[in-house]
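Here's my_file00.tsv, which has TSV, C-alpha atoms and all ligand atoms:
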chain	number	residue	atom	x	y	z
A	1	MET	CA	-3.51	37.53	5.67
A	2	SER	CA	-4.27	37.38	1.99
A	3	GLU	CA	-6.10	34.33	0.83
A	4	THR	CA	-5.72	31.54	-1.64
A	5	VAL	CA	-7.98	32.31	-4.58
A	6	LEU	CA	-9.49	29.60	-6.75
A	7	THR	CA	-11.03	30.70	-10.04
A	8	ILE	CA	-13.06	28.24	-12.08
A	9	VAL	CA	-11.88	28.98	-15.62
A	10	ASN	CA	-14.29	26.41	-16.97
A	11	ASP	CA	-16.78	23.94	-15.55
A	12	ASN	CA	-19.69	22.12	-17.18
A	13	GLU	CA	-22.05	24.74	-15.74
A	14	PRO	CA	-21.88	27.94	-17.80
A	15	GLY	CA	-21.06	31.35	-16.37
A	16	GLN	CA	-22.35	34.69	-17.59
A	17	GLY	CA	-20.28	36.28	-20.37
A	18	LEU	CA	-17.88	33.36	-20.53
A	19	ALA	CA	-17.28	30.56	-23.01
A	20	ASN	CA	-18.26	27.12	-21.84
A	21	ASP	CA	-18.09	23.45	-22.69
A	22	TRP	CA	-17.85	20.09	-20.93
A	23	GLY	CA	-14.52	20.16	-19.12
A	24	LEU	CA	-12.61	21.44	-16.13
A	25	SER	CA	-9.91	24.00	-15.48
A	26	ILE	CA	-9.16	25.72	-12.16
A	27	HIS	CA	-6.71	28.59	-11.66
A	28	VAL	CA	-5.06	28.89	-8.26
A	29	SER	CA	-3.48	32.03	-6.89
A	30	LEU	CA	-1.45	31.28	-3.77
A	31	GLN	CA	-0.85	33.64	-0.85
A	32	ASP	CA	2.79	34.13	-1.86
A	33	GLY	CA	1.90	35.14	-5.43
A	34	ARG	CA	2.56	31.85	-7.21
A	35	ARG	CA	-0.07	30.86	-9.76
A	36	LEU	CA	-1.05	27.38	-10.85
A	37	LEU	CA	-3.45	25.80	-13.27
A	38	PHE	CA	-5.15	22.54	-12.42
A	39	ASP	CA	-6.48	20.84	-15.56
A	40	PHE	CA	-6.86	22.50	-18.92
A	41	ASP	CA	-10.40	22.00	-20.18
A	42	THR	CA	-11.44	20.49	-23.50
A	43	LYS	CA	-10.75	23.32	-25.92
A	44	PRO	CA	-7.90	25.83	-26.16
A	45	GLU	CA	-10.47	28.42	-27.34
A	46	VAL	CA	-12.36	28.27	-24.05
A	47	LEU	CA	-9.25	29.00	-21.97
A	48	GLU	CA	-8.15	31.68	-24.41
A	49	TYR	CA	-11.55	33.40	-24.15
A	50	ASN	CA	-12.14	33.01	-20.41
A	51	MET	CA	-8.73	33.63	-18.84
A	52	PRO	CA	-8.34	37.32	-19.75
A	53	ARG	CA	-12.01	37.96	-18.95
A	54	LEU	CA	-11.39	36.55	-15.49
A	55	GLY	CA	-8.27	38.72	-15.09
A	56	LEU	CA	-5.92	35.75	-15.42
A	57	ASP	CA	-2.68	35.82	-17.38
A	58	PRO	CA	-1.50	32.43	-18.70
A	59	ALA	CA	2.07	33.74	-18.93
A	60	LYS	CA	2.14	34.19	-15.15
A	61	VAL	CA	1.21	30.60	-14.39
A	62	GLU	CA	4.36	28.84	-13.33
A	63	LEU	CA	3.06	25.36	-12.70
A	64	GLY	CA	0.37	23.16	-14.17
A	65	VAL	CA	-1.07	19.87	-13.00
A	66	LEU	CA	-2.95	17.52	-15.30
A	67	SER	CA	-5.15	15.21	-13.19
A	68	HIS	CA	-5.48	12.44	-15.79
A	69	ARG	CA	-5.27	11.94	-19.52
A	70	HIS	CA	-8.90	12.45	-20.54
A	71	MET	CA	-9.24	15.20	-23.12
A	72	ASP	CA	-11.87	17.19	-21.19
A	73	HIS	CA	-8.93	17.97	-18.86
A	74	ALA	CA	-6.01	18.00	-21.32
A	75	GLY	CA	-7.54	19.44	-24.51
A	76	GLY	CA	-6.68	23.07	-23.77
A	77	LEU	CA	-3.03	22.42	-22.91
A	78	SER	CA	-1.95	23.53	-26.38
A	79	TYR	CA	-3.11	27.08	-25.58
A	80	ILE	CA	-1.15	27.19	-22.33
A	81	ALA	CA	1.95	25.68	-23.97
A	82	LYS	CA	1.82	28.44	-26.61
A	83	ALA	CA	1.02	31.31	-24.22
A	84	ASN	CA	3.54	30.13	-21.64
A	85	PRO	CA	6.33	27.98	-23.15
A	86	GLY	CA	8.19	27.93	-19.80
A	87	ILE	CA	5.40	26.25	-17.87
A	88	THR	CA	6.13	22.99	-16.07
A	89	VAL	CA	3.25	20.53	-16.11
A	90	TYR	CA	3.00	17.56	-13.76
A	91	THR	CA	1.24	14.49	-15.10
A	92	THR	CA	0.57	10.89	-14.19
A	93	PRO	CA	2.94	8.44	-15.98
A	94	ASP	CA	0.32	7.54	-18.61
A	95	ALA	CA	-0.53	11.18	-19.41
A	96	ALA	CA	2.99	12.52	-20.08
A	97	GLU	CA	2.72	11.78	-23.80
A	98	VAL	CA	-0.63	13.59	-24.02
A	99	ALA	CA	0.97	16.72	-22.54
A	100	ARG	CA	3.96	16.51	-24.90
A	101	GLU	CA	1.66	16.07	-27.90
A	102	GLN	CA	-0.08	19.31	-26.88
A	103	GLY	CA	3.27	21.14	-27.03
A	104	VAL	CA	4.31	21.16	-23.36
A	105	SER	CA	8.10	20.91	-23.28
A	106	ARG	CA	8.60	20.69	-19.52
A	107	VAL	CA	6.64	17.65	-18.42
A	108	LYS	CA	7.29	16.15	-14.99
A	109	VAL	CA	5.93	12.73	-14.17
A	110	ASN	CA	4.48	11.94	-10.77
A	111	ASP	CA	5.13	8.28	-10.01
A	112	THR	CA	4.71	8.05	-6.28
A	113	GLY	CA	3.12	11.26	-5.04
A	114	GLY	CA	4.84	13.75	-2.75
A	115	VAL	CA	5.92	17.35	-2.45
A	116	ILE	CA	6.31	19.35	-5.68
A	117	GLY	CA	6.94	22.79	-4.19
A	118	GLU	CA	6.52	24.79	-1.02
A	119	GLY	CA	3.12	23.88	0.38
A	120	LEU	CA	2.24	21.79	-2.69
A	121	ALA	CA	1.92	18.04	-3.03
A	122	LEU	CA	0.50	15.46	-5.41
A	123	THR	CA	-1.29	12.33	-4.28
A	124	ARG	CA	0.05	8.97	-5.42
A	125	PRO	CA	-1.54	8.14	-8.80
A	126	LEU	CA	-4.31	5.58	-8.38
A	127	PRO	CA	-5.51	3.27	-11.17
A	128	ALA	CA	-9.08	3.17	-12.48
A	129	ILE	CA	-10.73	2.40	-15.84
A	130	GLY	CA	-7.36	1.80	-17.52
A	131	LEU	CA	-5.74	5.08	-16.50
A	132	LEU	CA	-4.01	6.76	-13.58
A	133	GLU	CA	-5.26	9.81	-11.72
A	134	HIS	CA	-3.77	12.05	-9.03
A	135	GLY	CA	-4.98	15.10	-7.10
A	136	LEU	CA	-3.24	18.33	-6.11
A	137	VAL	CA	-2.99	19.34	-2.45
A	138	ILE	CA	-2.26	22.99	-1.72
A	139	ASN	CA	-1.43	24.81	1.48
A	140	THR	CA	-0.08	21.62	2.98
A	141	ASP	CA	2.03	23.75	5.32
A	142	ARG	CA	-0.54	26.32	6.45
A	143	GLY	CA	-3.42	24.36	7.85
A	144	LYS	CA	-6.68	24.59	5.88
A	145	PRO	CA	-5.36	22.44	3.01
A	146	ILE	CA	-7.27	22.22	-0.26
A	147	LEU	CA	-7.54	19.17	-2.51
A	148	LEU	CA	-8.26	19.63	-6.22
A	149	VAL	CA	-9.48	16.62	-8.17
A	150	GLY	CA	-10.18	16.15	-11.89
A	151	CYS	CA	-12.70	13.33	-12.47
A	152	SER	CA	-11.98	11.15	-9.41
A	153	HIS	CA	-12.19	7.96	-11.46
A	154	PRO	CA	-10.49	5.98	-8.64
A	155	GLY	CA	-13.00	7.44	-6.13
A	156	VAL	CA	-12.96	10.89	-4.57
A	157	ASP	CA	-12.88	9.34	-1.08
A	158	ARG	CA	-9.73	7.37	-1.94
A	159	ILE	CA	-7.94	10.41	-3.36
A	160	ALA	CA	-9.04	12.49	-0.35
A	161	SER	CA	-7.79	9.80	2.00
A	162	LEU	CA	-4.31	9.96	0.41
A	163	ALA	CA	-4.39	13.77	0.64
A	164	SER	CA	-5.38	13.57	4.28
A	165	GLU	CA	-2.40	11.27	4.96
A	166	ILE	CA	-0.11	13.82	3.29
A	167	VAL	CA	-1.30	16.70	5.47
A	168	GLY	CA	-1.73	14.57	8.57
A	169	GLY	CA	-5.31	15.59	9.24
A	170	ARG	CA	-8.54	16.83	7.77
A	171	LEU	CA	-8.85	18.78	4.54
A	172	HIS	CA	-10.42	22.23	4.46
A	173	LEU	CA	-11.92	21.98	0.98
A	174	VAL	CA	-12.21	19.28	-1.69
A	175	ILE	CA	-13.22	20.62	-5.09
A	176	GLY	CA	-13.48	19.13	-8.57
A	177	GLY	CA	-15.20	16.37	-10.50
A	178	PHE	CA	-16.36	13.44	-8.35
A	179	HIS	CA	-17.71	11.29	-11.22
A	180	LYS	CA	-21.14	10.36	-9.93
A	181	PRO	CA	-20.01	9.08	-6.52
A	182	SER	CA	-22.00	6.66	-4.36
A	183	ARG	CA	-23.53	7.91	-1.14
A	184	SER	CA	-20.99	5.98	0.89
A	185	GLU	CA	-18.14	7.64	-1.03
A	186	LEU	CA	-19.65	11.03	-0.18
A	187	ASP	CA	-20.14	10.01	3.44
A	188	ARG	CA	-16.48	9.03	3.71
A	189	LEU	CA	-15.46	12.25	1.96
A	190	ALA	CA	-17.53	14.27	4.43
A	191	GLY	CA	-15.54	12.67	7.24
A	192	LEU	CA	-12.31	13.90	5.68
A	193	ALA	CA	-13.25	17.43	4.60
A	194	GLU	CA	-14.71	20.58	6.11
A	195	TYR	CA	-16.12	21.82	2.79
A	196	ILE	CA	-17.09	19.94	-0.36
A	197	SER	CA	-17.53	21.45	-3.81
A	198	PRO	CA	-18.76	18.88	-6.34
A	199	ILE	CA	-18.45	20.30	-9.86
A	200	HIS	CA	-17.68	19.05	-13.41
A	201	CYS	CA	-18.70	15.37	-13.73
A	202	SER	CA	-20.04	15.03	-10.16
A	203	GLY	CA	-23.67	14.93	-11.28
A	204	GLU	CA	-26.82	16.54	-9.88
A	205	GLN	CA	-27.46	13.62	-7.54
A	206	ALA	CA	-24.13	14.10	-5.79
A	207	LYS	CA	-24.70	17.85	-5.52
A	208	ASP	CA	-28.19	17.29	-4.09
A	209	TYR	CA	-26.95	14.66	-1.64
A	210	VAL	CA	-24.21	16.90	-0.23
A	211	LYS	CA	-26.63	19.85	-0.04
A	212	ARG	CA	-29.23	17.79	1.77
A	213	VAL	CA	-27.13	15.60	4.07
A	214	PHE	CA	-24.20	17.95	4.73
A	215	PRO	CA	-25.67	21.42	4.16
A	216	GLY	CA	-22.92	23.15	6.11
A	217	LYS	CA	-20.27	21.59	3.91
A	218	TYR	CA	-21.69	22.29	0.45
A	219	VAL	CA	-19.96	24.90	-1.70
A	220	GLY	CA	-21.48	25.59	-5.12
A	221	ALA	CA	-19.23	26.63	-7.99
A	222	ARG	CA	-19.43	26.96	-11.78
A	223	THR	CA	-17.61	28.61	-14.69
A	224	GLY	CA	-16.35	31.98	-13.48
A	225	SER	CA	-16.78	31.29	-9.75
A	226	VAL	CA	-14.11	32.79	-7.50
A	227	LEU	CA	-13.56	31.12	-4.12
A	228	GLU	CA	-11.42	32.80	-1.50
A	229	VAL	CA	-10.02	30.21	0.87
A	230	PRO	CA	-10.21	29.75	3.85
A	231	LEU	CA	-13.96	29.74	3.41
A	232	ASP	CA	-14.70	30.52	7.07
A	301	FE	FE	-13.72	14.83	-16.69
A	302	FE	FE	-12.10	11.69	-16.78

Starting from the file, give its structure as structure tokens.
Amino acid sequence: MSETVLTIVNDNEPGQGLANDWGLSIHVSLQDGRRLLFDFDTKPEVLEYNMPRLGLDPAKVELGVLSHRHMDHAGGLSYIAKANPGITVYTTPDAAEVAREQGVSRVKVNDTGGVIGEGLALTRPLPAIGLLEHGLVINTDRGKPILLVGCSHPGVDRIASLASEIVGGRLHLVIGGFHKPSRSELDRLAGLAEYISPIHCSGEQAKDYVKRVFPGKYVGARTGSVLEVPLD
């Protein structure tokens, strides 16, 4: 069986031979050939430089998901909208305008969470610091589901808990920005997920904590990393 492939187009940690800045963008290649982009980094130039060097074609991405309206996740949307005018991008209600301003013509708003395609679901948007944020769950129908998160402003454990309700069980991998989580948040997350990959705004303390307390769960990733899932 071919695997789901996650490619980190940009993370705060640089990767050799690739452009880099503070932001997040993850490309997903599904088993059936569909390609998705989760978050769009800070600068169009970074996506434009990194995608072809990672063997990724923006024109082949059929679906995008913007986790929340902060510009270190939405700033590169203008590049995708230009390279792929047909792309549909899912946003939280408060981020739809940001996506339209960046030139995305097909914006779909996620109000309540739920299925957005075969094996794909969005968590219900949760409020935090004056915005809404949702996560993307993939392989909901295959076992070994993956949750992608942007900054986890509402709490990575809370987003993971919604994702776990959607799939009716544990998550295989949770990856993304965890926004300097508390230890108890990470403990709860560890109860919900087989593997944990704290990147972007997670912070060194969160990385160290997962490495030390849950060494079998920690998955390191940075700009240019390619993860083939399932991981075991
Ligand atoms: Fe962020
Ligand atoms: Fe953020």

Out of A:Gly23, A:Pro198, A:Pro230, A:Gly15, which residue has the shortest atom-to-atom distance to ligand FE 301 (chain A) when counting all atoms listed in the file? A:Gly23

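In this structure, CA of Leu122 in chain A sits 27.7 Å away from CA of Tyr209 in chain A.
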
Return the single residue from A:Thr140, A:Ser67, A:Val167, A:Ile146 that is closest to Leu227 in chain A, with distances computed using only C-alpha atoms. A:Ile146

Taking 6 positions as the minimum chain separation for residues in the same chain, which residues sit within 6 Å of range 106-111 of chain A when counting only C-alpha atoms? Answer as a ChimeraX atom specification. /A:88-93

Please report, as CSV, each residue of chain A lying at most 12 Å from ligand FE 302 (chain A), together with the nearest pair of atoms and the separation in Å rounded to one decimal; use all atoms listed in the file, and order rows by chain and ascending residue number.
residue,atom,partner,partner_atom,distance
A:Trp22,CA,A:FE302,FE,11.0
A:Gly23,CA,A:FE302,FE,9.1
A:Leu24,CA,A:FE302,FE,9.8
A:Asp39,CA,A:FE302,FE,10.8
A:Asp41,CA,A:FE302,FE,11.0
A:Thr42,CA,A:FE302,FE,11.1
A:Leu66,CA,A:FE302,FE,10.9
A:Ser67,CA,A:FE302,FE,8.6
A:His68,CA,A:FE302,FE,6.7
A:Arg69,CA,A:FE302,FE,7.4
A:His70,CA,A:FE302,FE,5.0
A:Met71,CA,A:FE302,FE,7.8
A:Asp72,CA,A:FE302,FE,7.1
A:His73,CA,A:FE302,FE,7.3
A:Ala74,CA,A:FE302,FE,9.9
A:Gly75,CA,A:FE302,FE,11.9
A:Ala95,CA,A:FE302,FE,11.9
A:Ala128,CA,A:FE302,FE,10.0
A:Ile129,CA,A:FE302,FE,9.4
A:Gly130,CA,A:FE302,FE,11.0
A:Leu131,CA,A:FE302,FE,9.2
A:Leu132,CA,A:FE302,FE,10.0
A:Glu133,CA,A:FE302,FE,8.7
A:His134,CA,A:FE302,FE,11.4
A:Val149,CA,A:FE302,FE,10.3
A:Gly150,CA,A:FE302,FE,6.9
A:Cys151,CA,A:FE302,FE,4.7
A:Ser152,CA,A:FE302,FE,7.4
A:His153,CA,A:FE302,FE,6.5
A:Pro154,CA,A:FE302,FE,10.1
A:Gly155,CA,A:FE302,FE,11.5
A:Gly176,CA,A:FE302,FE,11.2
A:Gly177,CA,A:FE302,FE,8.4
A:Phe178,CA,A:FE302,FE,9.6
A:His179,CA,A:FE302,FE,7.9
A:Lys180,CA,A:FE302,FE,11.4
A:His200,CA,A:FE302,FE,9.8
A:Cys201,CA,A:FE302,FE,8.1
A:Ser202,CA,A:FE302,FE,10.9

Take the point (-10.2, 29.8, -21.5) in the file's coordinates, draw a sphere of radius 9 Å around it, and report as a count of residues only every protein, DNA or RNA residue with an atom inside or on it, counting all atoms listed in the file. 21

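Distances to Leu148 in chain A were evaluated for A:Lys217, A:His172, A:Arg34, A:Arg100 using only C-alpha atoms, and the minimum falls at A:His172.
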
Calculate how many Å separate CA of Glu13 in chain A from CA of Ala221 in chain A, rounding to one decimal.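 Those two atoms sit 8.5 Å apart.
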